[in-house]
Structure formats: C-alpha cells, structure tokens
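To start, the structure under review is shown below, and the notes come after it.
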Protein chains: 4
Amino acid sequence: MDKPDFSNLRCIYINCTLKKSPEKSHTATLIEVSKRIMLKEKVQVDEIRFVDHQVAYGIFPDMKEHGWKNDEWPEIFKKVINADILVLATPIWLGEKSSIAKKLIERLYAMSGQKNNKGQYVYYGKVGGTIITGNEDGIKHCAMGILYSLQHIGYSIPPQADCGWIGEVGPGPSYGDKEWKGEKLEKPAGFDSEFTNKNTTFMTYNLLHLASILKKQNGYHNYGNSVDKWEEGERWNYDNPEYR
Amino acid sequence: MDKPDFSNLRCIYINCTLKKSPEKSHTATLIEVSKRIMLKEKVQVDEIRFVDHQVAYGIFPDMKEHGWKNDEWPEIFKKVINADILVLATPIWLGEKSSIAKKLIERLYAMSGQKNNKGQYVYYGKVGGTIITGNEDGIKHCAMGILYSLQHIGYSIPPQADCGWIGEVGPGPSYGDKEWKGEKLEKPAGFDSEFTNKNTTFMTYNLLHLASILKKQNGYHNYGNSVDKWEEGERWNYDNPEYR
Amino acid sequence: MDKPDFSNLRCIYINCTLKKSPEKSHTATLIEVSKRIMLKEKVQVDEIRFVDHQVAYGIFPDMKEHGWKNDEWPEIFKKVINADILVLATPIWLGEKSSIAKKLIERLYAMSGQKNNKGQYVYYGKVGGTIITGNEDGIKHCAMGILYSLQHIGYSIPPQADCGWIGEVGPGPSYGDKEWKGEKLEKPAGFDSEFTNKNTTFMTYNLLHLASILKKQNGYHNYGNSVDKWEEGERWNYDNPEYR
Amino acid sequence: MDKPDFSNLRCIYINCTLKKSPEKSHTATLIEVSKRIMLKEKVQVDEIRFVDHQVAYGIFPDMKEHGWKNDEWPEIFKKVINADILVLATPIWLGEKSSIAKKLIERLYAMSGQKNNKGQYVYYGKVGGTIITGNEDGIKHCAMGILYSLQHIGYSIPPQADCGWIGEVGPGPSYGDKEWKGEKLEKPAGFDSEFTNKNTTFMTYNLLHLASILKKQNGYHNYGNSVDKWEEGERWNYDNPEYR
C-alpha cells in the first residue's frame, strides 16, 4: 500500500509552558521532534506559546464582552479551528498539567456551544494529541485530563496520542538539558530515550492518519450526533428508557 | 447523504459492577439504553459481567501459566478481539472506577505486546467508549482514566465517547431506581435526564461511525506506527534529536 | 470534655473562581457557610479572590525578578504564611479545578524551598482543606489534586477535609442560584443539601481541631523531617537499603 | 527537645501488589525501608499482602452475608482498626494504582458507616500514608487517589505522606532490581535515590509524629464532627444558609 499523502493537513501545536518567550522551554524542545516529522510530511504547521498572549480567564468566547480589557483568545481560536490537528503541549508541575494548559482547555470549552454546518459541535472531525515534559513524574496523569477534555468537546483521539519525557523520580535535568548541577551531560537529557522517540513518532503519524481519514470523509456523518437535530426532536434509534 | 449501515460491526460491553449475577446492576440499566440502539442498527452485540468470571490478577496473557489455578481471561479476550467496539462500563466508588474495571484494564494491557499482521499493537483499528453510573460524583474522572488506557493500548476514541448518570451530591437513588428510602419515585432515577440520554445516544453513534470508517480502511495504515518496523530500524521521517 | 477554644487561630480562604469581583461567585456562597462557623468560633478570617490580583505565572517566589512586570504573589503569600489554616476553594470546569486554582498551587509550590526555624518546609504545622462547587460533576477529583498538593508541600490534612456541592449530571443551577432558565427555584440550589451542609461543618471543625492541636505542639517536632539536618547528613533511624 | 517515643504505636502496611507470595514484590522492597525505621523506633509493625487473601468484592462489611463464599476482609479489618497508622502500598500499572489497591479502598469504605464511641467515623484519630513503586510514571497520581480516599473516610494525613520510586520514562528495572535485560546493575535500582530515601524517611517519621500527637489527645474532640450528634440535630455553630 502506498505511503499516505498528508500535505493537505494543518496542525497547530500550543505550548502551555509557564515561561514567556524568549525563555527556553523544554516542552518546545520535544514539540520540535514531532513538528519536524510533520514538516517533512509537508503538513502546514503552526506553533503558539500561549503564555505570550493576553488571554483572559472565563468561559465565554470573547471575554472583552465580559469585563476584560484584553483577550487574544478569539484570534487564537481562528487558528485552532483552521487546523485539522491540535497538539496541546504542557510541562508537569506537582504531577499535573500547567495552569496555562488548564486555561487553554477552559477557553476551548468556551466555544463548545458553536456548531458546524451539520449541527455538530465545532471540533467534530478534528484530531487531538498531547506532548508532556517534566523532570520527574506525571505524563500519564496529565494526558488523561487533556485527552479527555479534547474528546469531550469533539476531537477524535487516535491510538497512542500522547508522548512525553520524564527522568528518574526526584530533581534532575529536564528534556533537552545539556548540563545538570553545573556538570555537562554526555547527551542532552532524554534525547536517547527510545521510548520517548518511538511514542513521539507514533503519536505524530497516528494524528496524521486519523486526520487524513476523517478529512476524506468530510468529518463525521451527522446521523446520531447532531445537536441541532436532537433539539428538533430527532432521536434516531434511541428509545426513551421510560417506555420500556 | 444516506444513513450509514452498521450491520457489519460487532460491539462488546463489559460491565465492571462489583455485583455478581443475578444481583441488579444499575450500570447494566444504562448499558441497556446504548445496547438497544446498537441492536436496532443491526450491530452484533455481546455483554459480559466481568465479576461473574474467574479472572486472575496479573499482567500476563494467561495467569494459569503463572501460578493461578483459574483464569478465564483468555476466553474473554477472544471476544474482545473479535469486536470492533469495546465499551467499558463501571460504577463509581469513592469518585473512582471500580476495582473490577481496573482489573479489566490490567488484563487488556497484558495483551498489548501482541501485534496484528501489520506489526501494530493488536487493538489498532478498534474503537472504545465508556459508560459510568453512580449516585453522586465522578463520571468525568472515571472516564479520564478509562479512555486514556484504551487509547494508550491502541483503541481510537471518537468524540464524546463517554456517558453516564449521577444524581445530586450525597446519598441518593442510583440509575434506574424506582424508589429511595422506601418512597416510590415519580420516575426511575435518571430516566428523564436529557443530558444522559443525549450523551448515551451520541456516544453510541460516534462509536459506530468511527468503527465503520476504520473498518472500511482496514484499520490504520502502518506507515509510522509499526512496532515491528521500528524494531527493524525503520524511522520514516523521524529524526533523532541528537543529530540536530 | 470542654468545648475547645479556637480564638487564637487564623484561617485564609482563597477563592479560585474565574470571575473577577464584583461578579457573583457561587464558590464564594459556599465559602460563606464555612466562614460563618469560623467567625462564630472567633477565628480570625481572611478571604481573597485570587483572580482579582495581578499574579504572574511561574515557579519562583517573586516573578518580578524573572521578567514579569507585576506580581502580587509575595503579598498574598504573607497572608498565607500568617494563617494556620488554608482553604483553597474552586469551581469545577470540565471535571477539573480551575486554571486559577492550578496557578495558586504553582505559586504555593514555588515557596516550598523555604524552611522554618526547625529546618522543615515552611508549611509544616499548618492545616489545609478545600471547597468545591459546580453544577454537574467532579468534587472528589478536584479535591484529590488539591489536597495532595497541600500535603505534598507540608500541610496536614484532617479527616473529611473537603466539601462541595454539585447538582444532578448535566446543565443546571449552580450553588445558591435562585432561578434556573428563567424559573424561580423553591429554594436556592444546594442550600438544603444535608450532605453539603454536614460536610462543610465537619470540614470546618476538623480544620480547627487539627490546627489547634498542632499549634499547641508548636508544629511538628523536627526529628526525622528536617531538610537542614538531612542535608547535614543526619539520617535518624533510616538505613541505606544498599547496606542490607 | 527530647526525641519522641513512638513505642506505643502500631502500624500496618498493606501491600497491594498483583503478585501472590512468594513471588518477589518490588513494592515490598520499598515497604522494607520504611518498616525498618518503624521497627528501630520500637513501633509494632504488621504487614499484609492483600492478594494472598480471599477478599470478596463489594461494599458491605462482610460479603459472606451477601452471596460470597469466602471473605477474609473482616479479619483483615480487625488488624487495620487496631493499628494507629495505615500505609497502603501499591505498584503502578498504566499510570494508576493496582486493582488490588482499589479493592482495598472499597472495603475500607465499606466500614465507614461504623462509628467510634464519640459518634465519629471509625477511622478518626488514625493516620494514613502511601508507598508507590513502578518503573516509569505515576507516583503522584496514585497518591492523590489513595490519600484522598483515606482522609475521606476519616484518616488524618501528615505532611509529605507519600513516597515512591520510578525510573526514567519507558521500560526499565523496577525498584530493587539487580539486573536489567540480562545485565547486572551497578546498584539495585533506586537504592541510591536520595529523593526516594528522603521521602520515605520523612513520610515514616511524619506518620509517627501525627499518630503520636493524636493518640495523646485520644483522637479528635467530637465537637463539630460527630455523626451521631448531627443526626440528633446538633449543629454547633453551623447556620443553615437558607435563613441568611
């Protein structure tokens, strides 16, 4: 079977580091590994560092209409909605995703009332994944919450849609660090992790495969999942349990 | 666009209640709502109550080879692997999925070393969802762990792949209960929850849509995600970060 | 046994709502129930709405020294460190604590390198609890992460240190709402929840009991838990597992 | 200040490994490090491997009264209730505690209707902690759920009440392993982790300190937390929010 062509796809990576540019983000270093695959596959790629933007708190599409002076979310959302794939990347703090990652999820959720022209939630047909870095513990826990949120608002999740790197328990170098406690490391931390490299590769390709498949289908058929139709009273083959 | 045909699909529901048959399982009552849709769509449906079976603890495919006298897991696994869709259903205890649900996940994971004929993990191409019931709190938390585990071992997760019912915080009737503290309820608990009914419907149809799409494709292309090829040294467009 | 006297204690409630003052916070409404008990017990009580303050992101004590123009955290920290009890209160969004709550945890954690005059982490001897409100699902999940973080940095957690209110699954009124979808409710939502009222009461009193007990002891003895002594080589009765 | 005397305390470790005796449990190896401190401090120590016992599923005190042929839980519960300290130890599987650990929590919870002679939940005055081992990821996530459950049913949690060991992300040796993939390790895995050793020591001593303090107080005063009194109508300084 021929190598699939992914050149019609768009992917956006949103880095939820706590550090503003131009500070070094270890999470960005692992994003880079995935992004380079995407670029070689001729995918159109965008990357945003969320903390660099003035994004308000809240659960409405535009918080400028709710008392906040600034809110760059509406512009960022346009990029999210134009992309077929969203990769939410976050560092780990105290075993959990960053507060910036949670803010992004709140704002993604704030748009979930919007619908596409099939009456489905607006993220239907898009594909989501996550990249997580830390020096100690918590990739899976962070991924659980992130992937759950993405599927809950309408994203599809392909197999093995998370990747990340952590070192041995306790303080230590972060992903890509070249030294630790003043001593030069033989190799940048995590670069030779077969596990991280494999998972990053598989995640990236699985995001591409599922996004490509769904794009060909023009997303999901709206039989059984259209909010508009449900509200009009359509129930397809659902039966009210009361009448059993 | 025509109504899709789902009659070539198989779905297995595994109920992870703590109660052995023939005790009443509230979780089974909500499974029924989803199952009835499947049956009307002519899907082949199987349902297992996991606690009724002698399943050993452990992380090997057959624990009878590791000191356990009984282990019905190998037979259950055959049903899992023959189905296109797995729905893991669980009650909530102390805000978390049941110990039976965790045992099922451990045994599913125990098979993740197996590969299909494309060199992918054996659950690739299959689709997963979850049904959760309790009287108080924790649907999303349970779903996070369950859906994470399923995608981690190779299942794909369509949009809104979880559904459930809980009542107001604190003790109260469970899903489908007809009385509470000796008083007859006007309607069985949860049966008129628009939210639960809609989510159960959408989950069921989205599982069918994604399973149908993936089955037509014969699962995922193995470009970029074959364990066998990775182990042979194939890296596709992945670049070792060391050489940058 | 005599009724204990709690009048030498201080408690700070930090409300992690996403809504800036003077917007109505449902979480504040439940804080009020706990706070009124404290006040009647003559505890000195402080309450902060975290989103009203310019708090920077980051994991250093004062982010003004790390490129941020504003950072009110150092002033807030003074209040936290002067209090014997910290109650972190949060709304639920998508089954998880708010991004504001996560930011507060990140900043509390940022101070965990500080030590008291016994060489212990600076929060030793203090007591923590949590209040959570939402209209649908997730009290326990939020409490898990919050209480974990508090004990991890040095707080002690008394029995039943969480309380909250959620309604039946799906959209609905929030705690204290007097109407829903334009219709007046018989009583404000949640006000007659025996479960919420009992848990709020028990949490409040257990925080007071443990804070009072620990204060009388002048916190924890530093035998076996002093970072300073550990770093000097003291190991008490710990034995290196290598030499067994 | 004098070194405290802990010789009147009892501690029970429950190992929730999936492996039956006499199989090697890595979790037992880390339990040993904590237990040796306890023994040197003259604490009475008990250790149980939960999977070795015929414990039924369910949420009643004795499942033999609910259709199960065997249930050793009532005997194990006697040991739990006689101890001042409970340490729940678990391996990590797929980023979560073992199914055995969840079963133990379900059974502990099954007794939470019992009350002591002050009308409080029966675990009041006792202290809880957790030990977690794995080769890859998830200490904090496991600890969140375990410590939450313990405090929810009445245990008190001292500062830094969790400890554990994991290696770098991906497959690798488990705690105490002396070889990996056929090659001898320089030292048993994790034995030289300063972080694990320190946390295990601090957890052990903090459990002892808090148990000792609470034992001297004869547990918690029942002002504000007695279930019996609440049910009789006592509300202490709690005010119904309706009357505000």
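Here, A, B, ... name the chains of the structure tokens in the order displayed, residue numbers run from 1 inside each chain, and ligands are numbered from 1 in the same displayed order.
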Identify all chain B residues at most 6 Å from chain D by counting only C-alpha atoms; ligands do not count. Present them as a list in words.
->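 Residues satisfying the distance criterion: Leu18, Tyr57, Gly58, Ser99, Lys102 and Lys103 of chain B.
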Using the selection just defined, write its residues with C-alpha atoms as a compact mmCIF listing (two decimals), in the first residue's frame.
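Everything below was put into part14.txt:
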```
# COMPACT_ATOMS: atom_id res chain seq x y z
CA LEU B 18 -18.96 -5.26 41.87
CA TYR B 57 -4.78 -10.80 38.74
CA GLY B 58 -1.62 -10.12 36.81
CA SER B 99 -11.59 -2.36 41.21
CA LYS B 102 -9.07 -1.60 36.94
CA LYS B 103 -8.55 -5.35 36.77
```
Exercise: Lys215 of chain C partners within 12 Å, only C-alpha atoms, chain neighbours under 5 positions left out, as a ChimeraX atom specification | /C:6-10,83-85,124-127,156,207-210,220-221 /D:213
Can you write out the residues you just picked, keeping N, CA and C atoms, as a compact mmCIF listing (two decimals), in the first residue's frame?
```txt
# COMPACT_ATOMS: atom_id res chain seq x y z
N PHE C 6 -11.00 28.13 69.88
CA PHE C 6 -10.27 28.28 68.62
C PHE C 6 -9.88 29.74 68.36
N SER C 7 -10.01 30.59 69.36
CA SER C 7 -9.90 32.02 69.11
C SER C 7 -8.47 32.50 68.82
N ASN C 8 -7.50 31.61 68.99
CA ASN C 8 -6.12 32.01 68.65
C ASN C 8 -5.74 31.63 67.22
N LEU C 9 -6.70 31.13 66.46
CA LEU C 9 -6.38 30.64 65.11
C LEU C 9 -6.72 31.66 64.03
N ARG C 10 -6.01 31.55 62.92
CA ARG C 10 -6.26 32.35 61.72
C ARG C 10 -6.51 31.41 60.54
N ALA C 83 -1.40 32.56 58.30
CA ALA C 83 -2.60 31.81 58.69
C ALA C 83 -2.24 30.39 59.12
N ASP C 84 -3.01 29.85 60.04
CA ASP C 84 -2.82 28.47 60.47
C ASP C 84 -3.53 27.50 59.54
N ILE C 85 -4.55 28.00 58.86
CA ILE C 85 -5.38 27.15 58.01
C ILE C 85 -5.52 27.80 56.64
N TYR C 124 4.88 23.34 57.19
CA TYR C 124 4.73 22.37 58.30
C TYR C 124 3.99 22.99 59.48
N GLY C 125 3.06 22.24 60.03
CA GLY C 125 2.31 22.73 61.19
C GLY C 125 1.01 23.42 60.80
N LYS C 126 0.85 23.72 59.50
CA LYS C 126 -0.38 24.32 59.01
C LYS C 126 -1.33 23.24 58.50
N VAL C 127 -2.59 23.62 58.35
CA VAL C 127 -3.63 22.65 58.02
C VAL C 127 -4.38 23.13 56.78
N SER C 156 -0.93 19.67 56.78
CA SER C 156 -1.57 18.47 57.31
C SER C 156 -3.04 18.50 56.92
N LEU C 207 -10.68 21.11 60.51
CA LEU C 207 -9.55 22.02 60.27
C LEU C 207 -9.18 22.74 61.56
N LEU C 208 -10.19 23.20 62.28
CA LEU C 208 -9.94 23.90 63.54
C LEU C 208 -9.29 22.99 64.58
N HIS C 209 -9.82 21.79 64.72
CA HIS C 209 -9.26 20.86 65.71
C HIS C 209 -7.78 20.58 65.43
N LEU C 210 -7.48 20.22 64.19
CA LEU C 210 -6.10 19.83 63.90
C LEU C 210 -5.17 21.04 63.98
N TYR C 220 5.28 20.42 64.16
CA TYR C 220 5.87 19.08 64.25
C TYR C 220 7.28 19.15 64.83
N HIS C 221 7.59 18.22 65.69
CA HIS C 221 8.98 18.00 66.11
C HIS C 221 9.80 17.74 64.85
N ILE D 213 0.82 12.35 68.35
CA ILE D 213 0.10 13.54 68.82
C ILE D 213 -1.39 13.21 68.99
```
Closest of D:Pro61, D:Pro171, D:Gly233, D:Gly190 to Asp137 of chain D - atom-to-atom distances counting only C-alpha atoms =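 Among the listed residues, D:Pro171 lies closest to Asp137 of chain D.
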Segment 165-170 of chain A environment, 9 Å, only C-alpha atoms, sequence neighbours closer than 5 positions dropped, as number ranges by chain = A: 30, 131-139, 175, 189-190, 193, 195-196; D: 136-137, 139, 164-170, 190, 193-196
So, counting only C-alpha atoms, which residue among B:Ala28, B:Asn197, B:Glu183, B:Pro158 is closest to Ser212 of chain B?
-> B:Pro158
Find the residues near Lys187 of chain A: any atom within 10 Å, counting only C-alpha atoms, skip ones fewer than 3 places away on the same chain, and give them as a list of chain:residue names.
->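 Neighbouring residues, sequence-local ones excluded: A:Gly176, A:Asp177, A:Lys178, A:Glu179, A:Lys184, A:Gly190, A:Phe191, A:Asp192, B:Glu242.
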